[in-house]
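Dumped entry.csv below, it's CSV, N, CA and C atoms:
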```csv
chain,number,residue,atom,x,y,z
X,1,MET,N,150.5,64.6,68.1
X,1,MET,CA,151.4,65.2,69.0
X,1,MET,C,150.7,66.0,70.1
X,2,VAL,N,149.6,66.6,69.8
X,2,VAL,CA,148.9,67.3,70.9
X,2,VAL,C,148.4,66.2,71.9
X,3,ASP,N,147.9,65.1,71.4
X,3,ASP,CA,147.4,64.0,72.3
X,3,ASP,C,148.6,63.6,73.2
X,4,LEU,N,149.7,63.4,72.6
X,4,LEU,CA,150.9,63.0,73.4
X,4,LEU,C,151.3,64.0,74.4
X,5,ALA,N,151.1,65.3,74.1
X,5,ALA,CA,151.4,66.4,75.0
X,5,ALA,C,150.5,66.4,76.2
X,6,ILE,N,149.2,66.1,75.9
X,6,ILE,CA,148.2,66.1,76.9
X,6,ILE,C,148.3,64.9,77.8
X,7,HIS,N,148.4,63.7,77.2
X,7,HIS,CA,148.3,62.5,77.9
X,7,HIS,C,149.7,61.9,78.3
X,8,GLY,N,150.8,62.5,77.8
X,8,GLY,CA,152.1,62.0,78.1
X,8,GLY,C,152.6,62.4,79.5
X,9,THR,N,151.9,63.2,80.2
X,9,THR,CA,152.3,63.6,81.5
X,9,THR,C,152.1,62.4,82.5
X,10,GLU,N,151.3,61.4,82.0
X,10,GLU,CA,151.0,60.2,82.8
X,10,GLU,C,152.0,59.1,82.5
X,11,GLY,N,152.9,59.3,81.6
X,11,GLY,CA,153.9,58.3,81.2
X,11,GLY,C,153.7,58.0,79.7
X,12,PRO,N,154.4,57.0,79.2
X,12,PRO,CA,154.3,56.7,77.8
X,12,PRO,C,152.9,56.3,77.4
X,13,VAL,N,152.5,56.7,76.1
X,13,VAL,CA,151.2,56.5,75.6
X,13,VAL,C,151.2,55.4,74.6
X,14,LEU,N,150.3,54.4,74.7
X,14,LEU,CA,150.2,53.3,73.8
X,14,LEU,C,149.5,53.8,72.5
X,15,LEU,N,150.0,53.4,71.4
X,15,LEU,CA,149.4,53.8,70.1
X,15,LEU,C,148.0,53.4,70.0
X,16,LYS,N,147.6,52.3,70.6
X,16,LYS,CA,146.2,51.9,70.5
X,16,LYS,C,145.3,52.8,71.2
X,17,ASP,N,145.8,53.4,72.4
X,17,ASP,CA,145.0,54.3,73.1
X,17,ASP,C,144.9,55.7,72.4
X,18,LEU,N,146.0,56.1,71.8
X,18,LEU,CA,146.0,57.3,71.0
X,18,LEU,C,145.1,57.2,69.8
X,19,ALA,N,145.2,56.0,69.1
X,19,ALA,CA,144.3,55.8,68.0
X,19,ALA,C,142.8,55.9,68.3
X,20,LYS,N,142.5,55.3,69.4
X,20,LYS,CA,141.1,55.3,69.9
X,20,LYS,C,140.6,56.7,70.1
X,21,ARG,N,141.4,57.5,70.9
X,21,ARG,CA,141.0,58.8,71.2
X,21,ARG,C,140.9,59.7,70.0
X,22,GLN,N,141.8,59.5,69.0
X,22,GLN,CA,141.8,60.4,67.8
X,22,GLN,C,141.0,59.8,66.6
X,23,GLY,N,140.5,58.6,66.8
X,23,GLY,CA,139.7,58.0,65.7
X,23,GLY,C,140.5,57.7,64.4
X,24,ILE,N,141.7,57.3,64.6
X,24,ILE,CA,142.6,56.9,63.5
X,24,ILE,C,143.2,55.6,63.7
X,25,SER,N,143.7,54.9,62.7
X,25,SER,CA,144.2,53.6,62.8
X,25,SER,C,145.6,53.6,63.4
X,26,VAL,N,145.9,52.5,64.1
X,26,VAL,CA,147.2,52.2,64.7
X,26,VAL,C,148.2,52.2,63.6
X,27,LYS,N,147.8,51.5,62.5
X,27,LYS,CA,148.7,51.4,61.3
X,27,LYS,C,149.2,52.8,60.8
X,28,TYR,N,148.2,53.7,60.7
X,28,TYR,CA,148.6,55.1,60.3
X,28,TYR,C,149.5,55.7,61.3
X,29,LEU,N,149.2,55.6,62.6
X,29,LEU,CA,150.1,56.2,63.6
X,29,LEU,C,151.5,55.6,63.6
X,30,GLU,N,151.6,54.3,63.3
X,30,GLU,CA,152.9,53.7,63.2
X,30,GLU,C,153.7,54.4,62.1
X,31,GLN,N,153.1,54.8,61.0
X,31,GLN,CA,153.8,55.5,59.9
X,31,GLN,C,154.2,56.9,60.3
X,32,LEU,N,153.5,57.5,61.2
X,32,LEU,CA,153.8,58.8,61.7
X,32,LEU,C,154.9,58.8,62.7
X,33,VAL,N,154.9,57.9,63.6
X,33,VAL,CA,155.9,57.9,64.7
X,33,VAL,C,157.3,57.7,64.3
X,34,GLY,N,157.5,57.0,63.2
X,34,GLY,CA,158.9,56.8,62.6
X,34,GLY,C,159.6,58.1,62.3
X,35,PRO,N,159.0,59.0,61.5
X,35,PRO,CA,159.6,60.3,61.2
X,35,PRO,C,159.7,61.2,62.4
X,36,LEU,N,158.7,61.1,63.3
X,36,LEU,CA,158.8,61.9,64.5
X,36,LEU,C,159.9,61.5,65.4
X,37,ARG,N,160.2,60.2,65.5
X,37,ARG,CA,161.3,59.7,66.3
X,37,ARG,C,162.6,60.1,65.7
X,38,LYS,N,162.7,59.9,64.4
X,38,LYS,CA,163.9,60.3,63.6
X,38,LYS,C,164.3,61.8,63.8
X,39,ALA,N,163.2,62.6,63.9
X,39,ALA,CA,163.4,64.1,64.1
X,39,ALA,C,163.7,64.4,65.5
X,40,GLY,N,163.6,63.4,66.4
X,40,GLY,CA,163.9,63.7,67.8
X,40,GLY,C,162.8,64.3,68.6
X,41,LEU,N,161.6,64.2,68.1
X,41,LEU,CA,160.4,64.8,68.7
X,41,LEU,C,159.7,63.9,69.7
X,42,VAL,N,159.8,62.6,69.4
X,42,VAL,CA,159.2,61.6,70.4
X,42,VAL,C,160.2,60.5,70.7
X,43,THR,N,160.0,59.9,71.8
X,43,THR,CA,160.8,58.7,72.2
X,43,THR,C,159.9,57.6,72.5
X,44,SER,N,160.4,56.4,72.4
X,44,SER,CA,159.6,55.2,72.7
X,44,SER,C,160.2,54.4,73.8
X,45,LYS,N,159.4,53.7,74.5
X,45,LYS,CA,159.8,52.8,75.6
X,45,LYS,C,159.2,51.5,75.4
X,46,ARG,N,160.0,50.4,75.5
X,46,ARG,CA,159.4,49.1,75.3
X,46,ARG,C,159.0,48.5,76.7
X,47,GLY,N,158.2,47.5,76.7
X,47,GLY,CA,157.9,46.8,77.9
X,47,GLY,C,156.5,47.1,78.4
X,48,VAL,N,156.2,46.6,79.6
X,48,VAL,CA,154.8,46.6,80.1
X,48,VAL,C,154.3,48.1,80.2
X,49,ARG,N,155.1,49.0,80.6
X,49,ARG,CA,154.7,50.4,80.7
X,49,ARG,C,155.3,51.2,79.6
X,50,GLY,N,155.4,50.6,78.4
X,50,GLY,CA,156.0,51.2,77.3
X,50,GLY,C,155.0,52.0,76.5
X,51,GLY,N,155.5,52.7,75.5
X,51,GLY,CA,154.7,53.5,74.6
X,51,GLY,C,155.5,54.7,74.1
X,52,PHE,N,154.8,55.7,73.7
X,52,PHE,CA,155.5,56.9,73.1
X,52,PHE,C,155.2,58.1,74.0
X,53,GLN,N,156.2,59.0,74.0
X,53,GLN,CA,156.0,60.3,74.7
X,53,GLN,C,156.9,61.3,74.0
X,54,LEU,N,156.6,62.6,74.3
X,54,LEU,CA,157.4,63.7,73.7
X,54,LEU,C,158.8,63.6,74.3
X,55,SER,N,159.8,64.0,73.4
X,55,SER,CA,161.1,64.0,73.9
X,55,SER,C,161.5,65.3,74.6
X,56,ARG,N,160.7,66.3,74.5
X,56,ARG,CA,160.9,67.6,75.1
X,56,ARG,C,159.5,68.1,75.6
X,57,PRO,N,159.6,69.1,76.5
X,57,PRO,CA,158.3,69.7,77.0
X,57,PRO,C,157.5,70.3,75.8
X,58,PRO,N,156.2,70.4,75.8
X,58,PRO,CA,155.4,70.9,74.8
X,58,PRO,C,155.7,72.4,74.4
X,59,GLU,N,156.2,73.1,75.4
X,59,GLU,CA,156.6,74.5,75.1
X,59,GLU,C,157.8,74.6,74.2
X,60,GLU,N,158.5,73.6,74.1
X,60,GLU,CA,159.8,73.6,73.3
X,60,GLU,C,159.6,72.9,71.9
X,61,ILE,N,158.4,72.4,71.6
X,61,ILE,CA,158.2,71.8,70.3
X,61,ILE,C,157.3,72.7,69.4
X,62,LYS,N,157.8,73.2,68.4
X,62,LYS,CA,157.1,74.0,67.5
X,62,LYS,C,156.3,73.2,66.4
X,63,MET,N,155.2,73.7,66.0
X,63,MET,CA,154.4,73.0,65.0
X,63,MET,C,155.2,72.8,63.7
X,64,LEU,N,156.1,73.8,63.4
X,64,LEU,CA,156.9,73.7,62.2
X,64,LEU,C,157.7,72.4,62.3
X,65,ASP,N,158.3,72.1,63.5
X,65,ASP,CA,159.1,70.9,63.6
X,65,ASP,C,158.3,69.6,63.3
X,66,VAL,N,157.1,69.6,63.8
X,66,VAL,CA,156.2,68.5,63.7
X,66,VAL,C,155.8,68.3,62.2
X,67,VAL,N,155.4,69.4,61.6
X,67,VAL,CA,154.9,69.3,60.2
X,67,VAL,C,156.1,68.9,59.2
X,68,GLU,N,157.2,69.5,59.4
X,68,GLU,CA,158.3,69.2,58.6
X,68,GLU,C,158.8,67.8,58.8
X,69,ALA,N,158.7,67.3,60.0
X,69,ALA,CA,159.2,65.9,60.3
X,69,ALA,C,158.3,64.9,59.5
X,70,VAL,N,157.0,65.2,59.5
X,70,VAL,CA,156.1,64.3,58.8
X,70,VAL,C,155.9,64.5,57.3
X,71,GLU,N,155.9,65.8,56.9
X,71,GLU,CA,155.6,66.1,55.6
X,71,GLU,C,156.8,66.5,54.7
X,72,GLY,N,157.9,66.8,55.4
X,72,GLY,CA,159.1,67.3,54.6
X,72,GLY,C,159.0,68.8,54.3
X,73,SER,N,159.5,69.2,53.2
X,73,SER,CA,159.5,70.6,52.8
X,73,SER,C,158.1,71.1,52.7
X,74,LEU,N,157.9,72.4,53.2
X,74,LEU,CA,156.6,73.0,53.1
X,74,LEU,C,156.5,73.8,51.8
X,75,SER,N,157.5,73.7,50.9
X,75,SER,CA,157.4,74.5,49.7
X,75,SER,C,156.3,73.9,48.8
X,76,LEU,N,155.5,74.8,48.3
X,76,LEU,CA,154.3,74.5,47.5
X,76,LEU,C,154.7,74.0,46.1
X,77,VAL,N,155.8,74.4,45.6
X,77,VAL,CA,156.3,73.9,44.3
X,77,VAL,C,157.8,73.5,44.4
X,78,GLU,N,158.2,72.6,43.6
X,78,GLU,CA,159.5,72.0,43.7
X,78,GLU,C,160.6,73.0,43.4
X,79,CYS,N,160.3,73.9,42.4
X,79,CYS,CA,161.4,74.8,42.0
X,79,CYS,C,161.9,75.8,43.0
X,80,VAL,N,161.1,76.0,44.1
X,80,VAL,CA,161.5,76.9,45.2
X,80,VAL,C,162.7,76.2,45.9
X,81,VAL,N,162.5,74.9,46.1
X,81,VAL,CA,163.6,74.2,46.9
X,81,VAL,C,164.7,73.8,46.0
X,82,HIS,N,164.4,73.4,44.7
X,82,HIS,CA,165.4,72.9,43.8
X,82,HIS,C,165.3,73.7,42.4
X,83,PRO,N,165.8,74.9,42.4
X,83,PRO,CA,165.6,75.7,41.2
X,83,PRO,C,166.3,75.1,40.0
X,84,ASP,N,167.3,74.3,40.2
X,84,ASP,CA,168.1,73.7,39.1
X,84,ASP,C,167.2,72.7,38.3
X,85,GLY,N,166.1,72.2,39.0
X,85,GLY,CA,165.3,71.2,38.4
X,85,GLY,C,164.3,71.8,37.3
X,86,CYS,N,164.3,73.1,37.2
X,86,CYS,CA,163.4,73.7,36.2
X,86,CYS,C,164.2,74.6,35.3
X,87,PRO,N,164.1,74.4,34.0
X,87,PRO,CA,164.9,75.2,33.1
X,87,PRO,C,164.4,76.7,33.0
X,88,ARG,N,163.2,77.0,33.5
X,88,ARG,CA,162.7,78.3,33.5
X,88,ARG,C,162.8,79.0,34.8
X,89,SER,N,163.5,78.4,35.7
X,89,SER,CA,163.6,78.9,37.1
X,89,SER,C,164.1,80.4,37.2
X,90,THR,N,165.1,80.7,36.4
X,90,THR,CA,165.7,82.0,36.5
X,90,THR,C,164.8,83.1,36.0
X,91,GLU,N,163.9,82.9,35.1
X,91,GLU,CA,163.0,83.9,34.6
X,91,GLU,C,161.5,83.7,35.0
X,92,CYS,N,161.3,82.8,35.9
X,92,CYS,CA,159.9,82.5,36.3
X,92,CYS,C,159.4,83.6,37.2
X,93,ILE,N,158.3,84.1,36.8
X,93,ILE,CA,157.7,85.3,37.6
X,93,ILE,C,156.9,84.8,38.8
X,94,THR,N,156.5,83.5,38.8
X,94,THR,CA,155.6,83.0,39.9
X,94,THR,C,156.5,82.4,41.1
X,95,LYS,N,157.7,82.1,40.8
X,95,LYS,CA,158.5,81.4,41.8
X,95,LYS,C,158.6,82.2,43.1
X,96,GLU,N,158.8,83.5,43.0
X,96,GLU,CA,158.9,84.4,44.1
X,96,GLU,C,157.6,84.4,45.0
X,97,VAL,N,156.5,84.3,44.3
X,97,VAL,CA,155.2,84.2,45.0
X,97,VAL,C,155.1,83.0,45.8
X,98,TRP,N,155.5,81.8,45.2
X,98,TRP,CA,155.4,80.5,45.9
X,98,TRP,C,156.4,80.5,47.0
X,99,ALA,N,157.6,81.2,46.9
X,99,ALA,CA,158.6,81.2,48.0
X,99,ALA,C,158.0,82.0,49.1
X,100,LYS,N,157.3,83.2,48.8
X,100,LYS,CA,156.7,84.0,49.9
X,100,LYS,C,155.6,83.2,50.6
X,101,ALA,N,154.8,82.5,49.9
X,101,ALA,CA,153.7,81.7,50.5
X,101,ALA,C,154.3,80.6,51.4
X,102,ALA,N,155.3,79.9,51.0
X,102,ALA,CA,156.0,78.9,51.8
X,102,ALA,C,156.6,79.6,53.1
X,103,SER,N,157.2,80.7,52.9
X,103,SER,CA,157.8,81.4,54.0
X,103,SER,C,156.7,81.8,55.1
X,104,ALA,N,155.6,82.3,54.6
X,104,ALA,CA,154.5,82.7,55.4
X,104,ALA,C,154.0,81.5,56.2
X,105,ILE,N,153.8,80.3,55.6
X,105,ILE,CA,153.4,79.1,56.3
X,105,ILE,C,154.4,78.7,57.3
X,106,ARG,N,155.7,78.8,57.0
X,106,ARG,CA,156.7,78.4,57.9
X,106,ARG,C,156.7,79.4,59.1
X,107,ASP,N,156.5,80.7,58.9
X,107,ASP,CA,156.5,81.6,60.0
X,107,ASP,C,155.3,81.4,60.9
X,108,VAL,N,154.1,81.0,60.4
X,108,VAL,CA,153.0,80.7,61.3
X,108,VAL,C,153.3,79.5,62.1
X,109,LEU,N,153.7,78.4,61.5
X,109,LEU,CA,154.0,77.2,62.2
X,109,LEU,C,155.1,77.3,63.2
X,110,ALA,N,156.1,78.2,62.9
X,110,ALA,CA,157.2,78.4,63.8
X,110,ALA,C,156.8,79.2,65.0
X,111,GLY,N,155.7,79.9,64.9
X,111,GLY,CA,155.2,80.7,66.1
X,111,GLY,C,154.2,80.0,67.0
X,112,ILE,N,153.9,78.7,66.7
X,112,ILE,CA,153.0,78.0,67.5
X,112,ILE,C,153.7,76.7,68.1
X,113,THR,N,153.6,76.5,69.4
X,113,THR,CA,154.1,75.3,70.0
X,113,THR,C,153.0,74.4,70.4
X,114,LEU,N,153.4,73.2,70.7
X,114,LEU,CA,152.4,72.2,71.2
X,114,LEU,C,151.7,72.7,72.4
X,115,ALA,N,152.3,73.4,73.3
X,115,ALA,CA,151.7,74.0,74.5
X,115,ALA,C,150.6,75.0,74.0
X,116,ASP,N,150.9,75.8,73.0
X,116,ASP,CA,149.9,76.7,72.4
X,116,ASP,C,148.7,75.9,71.9
X,117,MET,N,148.9,74.8,71.3
X,117,MET,CA,147.8,74.0,70.7
X,117,MET,C,147.0,73.4,71.9
X,118,ILE,N,147.6,73.0,73.0
X,118,ILE,CA,146.8,72.5,74.1
X,118,ILE,C,146.0,73.7,74.6
X,119,GLY,N,146.5,74.9,74.7
X,119,GLY,CA,145.7,76.0,75.2
X,119,GLY,C,144.5,76.3,74.3
X,120,MET,N,144.7,76.2,73.0
X,120,MET,CA,143.7,76.4,72.0
X,120,MET,C,142.6,75.3,72.2
X,121,LYS,N,143.0,74.1,72.4
X,121,LYS,CA,142.0,73.0,72.6
X,121,LYS,C,141.2,73.3,73.9
X,122,ARG,N,141.9,73.7,75.0
X,122,ARG,CA,141.2,73.9,76.2
X,122,ARG,C,140.2,75.1,76.1
X,123,GLU,N,140.6,76.2,75.4
X,123,GLU,CA,139.7,77.3,75.1
X,123,GLU,C,138.5,76.9,74.4
X,124,LYS,N,138.7,76.1,73.3
X,124,LYS,CA,137.6,75.6,72.5
X,124,LYS,C,136.6,74.8,73.3
X,125,THR,N,137.2,73.9,74.1
X,125,THR,CA,136.4,73.0,75.0
X,125,THR,C,135.5,73.8,76.0
X,126,GLU,N,136.2,74.8,76.6
X,126,GLU,CA,135.5,75.7,77.5
X,126,GLU,C,134.4,76.5,76.9
X,127,ALA,N,134.7,77.0,75.7
X,127,ALA,CA,133.6,77.8,74.9
X,127,ALA,C,132.5,76.9,74.5
X,128,GLU,N,132.7,75.6,74.1
X,128,GLU,CA,131.6,74.7,73.8
X,128,GLU,C,130.8,74.3,75.0
X,129,THR,N,131.5,74.2,76.1
X,129,THR,CA,130.8,73.8,77.4
X,129,THR,C,129.9,75.0,77.8
X,130,HIS,N,130.4,76.2,77.7
X,130,HIS,CA,129.5,77.4,78.1
X,130,HIS,C,128.4,77.6,77.1
X,131,ALA,N,128.6,77.2,75.9
X,131,ALA,CA,127.6,77.4,74.8
X,131,ALA,C,126.4,76.5,75.1
X,132,HIS,N,126.6,75.4,75.7
X,132,HIS,CA,125.6,74.4,76.0
X,132,HIS,C,124.8,74.6,77.3
X,133,ILE,N,125.3,75.6,78.1
X,133,ILE,CA,124.7,75.8,79.4
X,133,ILE,C,123.5,76.7,79.2
```
Whole structure given in structure tokens:
Amino acid sequence: MVDLAIHGTEGPVLLKDLAKRQGISVKYLEQLVGPLRKAGLVTSKRGVRGGFQLSRPPEEIKMLDVVEAVEGSLSLVECVVHPDGCPRSTECITKEVWAKAASAIRDVLAGITLADMIGMKREKTEAETHAHI
């Protein structure tokens, strides 16, 4: 998604180009774009100038949206999401800890946008460039 945010300003991005830049397979990317399209985070365009691009500006896409689209629930244990699935759910002393941990993860991801990630990447690249001088 960060790659799409950076390179999508030039138009739709081909999966083969994205795969090459990121060092991952096209097949793996194909598995990711389905849930991202379904969540309304990316759009696709067919044809000669086709490919994928973000459906909204990077400032409007939170990392929480991206992670939940691809991974689903961020709950670390099933009983937090589905307490009826565990007969000990009502007296479980660890359930609240897992719920707080999941909430903390959600809060962090909800506070970071793709635009923030681009800024972090640029800062890291600049720091690495200055370190080599």
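Of the residues listed (X:Glu60, X:Leu4, X:Gly72, X:Val80), X:Leu4 shows the shortest atom-to-atom separation from Ser44 of chain X; distances use only C-alpha atoms.
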Item to complete: Point out the residue among X:Ala5, X:Ile105, X:Val81, X:Leu18 with the least atom-to-atom distance to Val42 of chain X, counting only C-alpha atoms.
Response: X:Ala5
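Note that DSSP on the backbone gives helix (DSSP H, G or I) to these residues of segment 19-65 of chain X: Ala19, Lys20, Arg21, Gln22, Val26, Lys27, Tyr28, Leu29, Glu30, Gln31, Leu32, Val33, Gly34, Pro35, Leu36, Arg37, Lys38, Pro58, Glu59, Glu60, Met63, Leu64 and Asp65 of chain X.
Between Val33 of chain X and the candidates X:Val13, X:Ile6, X:Gly47, X:Gly111, the tightest atom-to-atom separation, counting only C-alpha atoms, involves X:Val13.
Atom C of Gly11 of chain X is found 29.6 Å from atom N of His130 of chain X.
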